[in-house]
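Peer 1: Below is a structure I'd like to ask you about.
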Amino acid sequence: MSRLSNRATDRDITIAEVAAETLSERRPQGRVLVAGDTGGAMERALAEGGAETVSWNRIAGEGRAATPWPAEGPFDAAVLRLPRGWDAFEMSLHALAARLPPGAPLWIVGGNDEGITSAPKRLAGLVEGGETLSIKRRARVLETRRTAEPARGGLEDWRETVAFALPGRAEPLDLVSYPGLFAHGRLDPGTEALLAVLPEIAPGTNVLDFGSGAGVIARAVRERAPEAKLTLLDIDAVALHAARQNVPDAELVLSDGLAGLGTRERFGLIVSNPPLHRGKDEDFGMLEDLVKGTKQYLKLRGALIAVTQRTAGVGKLFKTAFGHADLLAETNQYQVWRGVPK
């Protein structure tokens with residue numbers, strides 16, 4: 001599992017290094033908005049060249065602040081690390097373009113196998129050009145220039161309300177979502193499998209939805225157990241912005257793992273459809289950390305219930321961590337496991 005995690009991290013480091021080298025040669029001046037620079041390499045290169053950098057990360061981690069939307073402009077230039085998914089790319093492109101004057105440069109960086117070569121076809125008239133400045137180590141840096149085309153520059157310009165048909169509920173439930181969120185606009189079949197076997201929840205139970213996304217599982221718990229105390233944890237600030245609207249009475253924790261919970265009352269139930277990707281690559285690191293680290297956050301006889309793809313093969317992981325684990329459900333694609341600490 002760690003090998004996959006390392007591969008994903010190595011990809012990000014390589015792309016950031018190639019971009020930093022190219023941007024150092026460009027030496028842009030003034031205020032530069034940098035989006036998605038997880039390790040800070042691009043920001044450091046720009047700052048060393050004399051630019052004033054402002055970061056925007058919607059993904060938490062490595063001690064960096066994460067926010068659902070970038071700071072207000074104007075900026076003299078911007079850099080966009082290609083996000084996973086074209087919906088997320090479109091929204092990020094609009095967010096950055098809205099903060100740039102016509103003619104300002106916007107650099108787009110990403111890996112060849114992430115689809116960076118297709119980015120020039122998806123610029124929506126907001127920027128023009130798409131010249132390739134660098135191709136190294138299977139990474140590219142594209143240079144574009146801002147046009148006068150109006151941009152959808154506010155997060156709520158992208159807000160969508162989607163009707164979800166949840167197991168055990170007669171009427172669809174309207175929930176808020178944004179582009180780039182997991183299973184945006186639909187009920188993920190893994191989530192559906194988990195909800196179909198979710199046990200009865202006693203009133204007042206502390207429930208953690210780990211990797212909550214927009215809060216679909218937590219909202220389903222709220223519908224079934226109105227008196228449950230809900231905590232939602234996710235790495236994505238946009239996801240928690242949606243969750244705040246879908247489960248308004250829940251506590252929200254922006255963190256890349258359980259450590260973000262700090263010291264608190266333990267949970268009677270932890271539910272999760274954990275993320276299994278970092279960018280393009282599979283990454284089981286967060287799932288492994290969840291299963292191994294759950295005991296210290298569960299009450300006596302509390303349970304972790306998680307759904308994963310069958311190919312993840314987590315049965316052994318659950319049994320090793322808990323001593324005993326139950327396979328609650330299995331489909332052609334998914335398994336739902338329950339672990340109770342002994």
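Scheme for the structure tokens: letters A, B, ... for chains in order shown; per-chain residue numbers from 1; ligand numbers from 1 in order shown.
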Quick one: residues within 6 Å of Phe75 (chain A), only C-alpha atoms, excluding same-chain residues fewer than 2 positions away - as a list of chain:residue names?

Peer 2: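 Listing them by chain and then by number gives A:Arg31, A:Val32, A:Gly73, A:Ala77, A:Arg99, A:Leu100.
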
Peer 1: If you run DSSP on the backbone, which residues of region 14-51 of chain A are strand (DSSP E or B), as a VMD selection string?

Peer 2: chain A and resid 31 to 35

Peer 1: Give me, as a list in words, all polymer residues having an atom no more than 9 Å from Ser92 (chain A), counting only C-alpha atoms and skipping those fewer than 3 positions away in the same chain.

Peer 2: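 Residues meeting the cut-off are Ala35, Trp69, Leu80, Pro83, Asp87, Ala88, Phe89, Ala95, Leu96 and Ala97 of chain A.
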
Peer 1: Store the residues picked out above, limited to C-alpha atoms, as a PDB file, in the first residue's frame.

Peer 2:
ATOM      1  CA  ALA A  35      -3.145  27.130  -7.124  1.00  0.00           C
ATOM      2  CA  TRP A  69     -11.940  29.619  -2.948  1.00  0.00           C
ATOM      3  CA  LEU A  80      -2.626  26.305 -11.928  1.00  0.00           C
ATOM      4  CA  PRO A  83      -6.491  19.132 -10.816  1.00  0.00           C
ATOM      5  CA  ASP A  87     -15.008  19.673 -14.023  1.00  0.00           C
ATOM      6  CA  ALA A  88     -12.575  20.709 -11.307  1.00  0.00           C
ATOM      7  CA  PHE A  89     -10.238  22.151 -13.931  1.00  0.00           C
ATOM      8  CA  ALA A  95     -11.651  31.170 -10.379  1.00  0.00           C
ATOM      9  CA  LEU A  96      -8.148  32.193 -11.446  1.00  0.00           C
ATOM     10  CA  ALA A  97      -9.176  33.965 -14.639  1.00  0.00           C
TER      11      ALA A  97
END

Peer 1: Which residues come within 10 Å of Gly154 (chain A), counting only C-alpha atoms, excluding same-chain residues fewer than 2 positions away, as a PDB file with C-alpha atoms, in the first residue's frame?

Peer 2:
ATOM      1  CA  TRP A  69     -11.940  29.619  -2.948  1.00  0.00           C
ATOM      2  CA  PRO A  70      -8.930  31.833  -3.737  1.00  0.00           C
ATOM      3  CA  GLU A  72      -9.655  38.267  -4.154  1.00  0.00           C
ATOM      4  CA  MET A  91     -14.045  25.654 -12.056  1.00  0.00           C
ATOM      5  CA  HIS A  94     -12.676  30.374 -13.961  1.00  0.00           C
ATOM      6  CA  ALA A  95     -11.651  31.170 -10.379  1.00  0.00           C
ATOM      7  CA  ALA A  98     -11.632  36.149 -12.703  1.00  0.00           C
ATOM      8  CA  ALA A 151     -15.465  34.401 -15.863  1.00  0.00           C
ATOM      9  CA  ARG A 152     -17.656  32.751 -13.254  1.00  0.00           C
ATOM     10  CA  GLU A 156     -21.634  29.999  -5.487  1.00  0.00           C
ATOM     11  CA  ASP A 157     -21.714  30.442  -9.265  1.00  0.00           C
ATOM     12  CA  TRP A 158     -20.915  26.698  -9.307  1.00  0.00           C
ATOM     13  CA  ARG A 159     -23.370  25.527  -6.667  1.00  0.00           C
TER      14      ARG A 159
END

Peer 1: Do a neighbour search on region 243-250 of chain A at 8 Å with only C-alpha atoms, toss out local chain neighbours closer than 3 positions, and write the hits as a list in words.

Peer 2: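 Everything that qualifies: Leu175, Val176, Ser212, Gly213, Ala214, Gly215, Val216, Ala218, Arg219, Arg222, Lys229, Leu230, Thr231, Leu232, Ala239 and Leu240 of chain A.
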
Peer 1: Can you pull out every residue within 8 Å of Pro101 (chain A), counting only C-alpha atoms, but drop anything in the same chain fewer than 4 positions away, and send it as JSON, numbers by chain?

Peer 2: {"A": [74, 75, 76, 146, 147, 148]}

Peer 1: I'd like to know which of A:Ala163, A:Ala20, A:Ala228, A:Leu155 is closest to Glu200 (chain A), using only C-alpha atoms.

Peer 2: A:Ala228

Peer 1: If you run DSSP over the backbone, which residues in region 109-278 of chain A end up helix (DSSP H, G or I)? Put them as a count of residues only.

Peer 2: 45

Peer 1: Which residues are close to Gly262 (chain A), i.e. within 12 Å by only C-alpha atoms, leaving aside same-chain residues fewer than 4 positions away? Reply as a short mmCIF file (atom, residue, chain, number, x, y, z; two decimals) with N, CA and C atoms, in the first residue's frame.

Peer 2:
data_model
loop_
_atom_site.label_atom_id
_atom_site.label_comp_id
_atom_site.auth_asym_id
_atom_site.auth_seq_id
_atom_site.Cartn_x
_atom_site.Cartn_y
_atom_site.Cartn_z
N VAL A 253 -14.37 19.06 10.19
CA VAL A 253 -12.93 19.02 10.45
C VAL A 253 -12.21 18.90 9.11
N LEU A 254 -11.41 19.91 8.80
CA LEU A 254 -10.61 19.91 7.56
C LEU A 254 -9.25 19.32 7.88
N SER A 255 -8.99 18.11 7.41
CA SER A 255 -7.75 17.42 7.77
C SER A 255 -7.49 16.31 6.76
N GLY A 257 -6.27 13.45 7.72
CA GLY A 257 -6.26 12.20 8.46
C GLY A 257 -6.86 12.36 9.83
N LEU A 258 -6.88 11.26 10.58
CA LEU A 258 -7.50 11.24 11.90
C LEU A 258 -6.83 12.18 12.88
N ARG A 266 -14.73 10.04 22.39
CA ARG A 266 -14.64 9.02 21.35
C ARG A 266 -15.98 8.81 20.65
N GLN A 296 -8.11 4.21 18.73
CA GLN A 296 -8.00 5.27 19.74
C GLN A 296 -9.13 6.28 19.67
N TYR A 297 -9.95 6.21 18.62
CA TYR A 297 -11.05 7.15 18.47
C TYR A 297 -12.42 6.49 18.65
#

Peer 1: Which is closer to Leu328 (chain A) than all the others in A:Leu198, A:Ala259, A:Leu106, A:Ala16, using only C-alpha atoms?

Peer 2: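 Of the candidates, the smallest distance to Leu328 (chain A) is held by A:Leu198.
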
Peer 1: Return the single residue from A:Val141, A:Leu298, A:Val127, A:Ala237 that is closest to Gly110 (chain A), with distances computed using only C-alpha atoms.

Peer 2: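 Comparing A:Val141, A:Leu298, A:Val127, A:Ala237 against Gly110 (chain A), the winner is A:Val141.
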
Peer 1: Calculated over only C-alpha atoms, which of the candidates A:Leu142, A:Ala242, A:Ala196, A:Leu287 has the smallest distance to Ala312 (chain A)?

Peer 2: A:Leu287

Peer 1: Check the smallest atom-to-atom distance from each of A:Pro172, A:Gly293, A:Gly115, A:Gly130 to Trp86 (chain A) using only C-alpha atoms, then report the winner.

Peer 2: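 Nearest to Trp86 (chain A): A:Gly115.
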
Peer 1: CA of Arg338 (chain A) and CA of Thr9 (chain A), how far apart in Å?

Peer 2: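 These atoms are spaced 29.6 Å apart.
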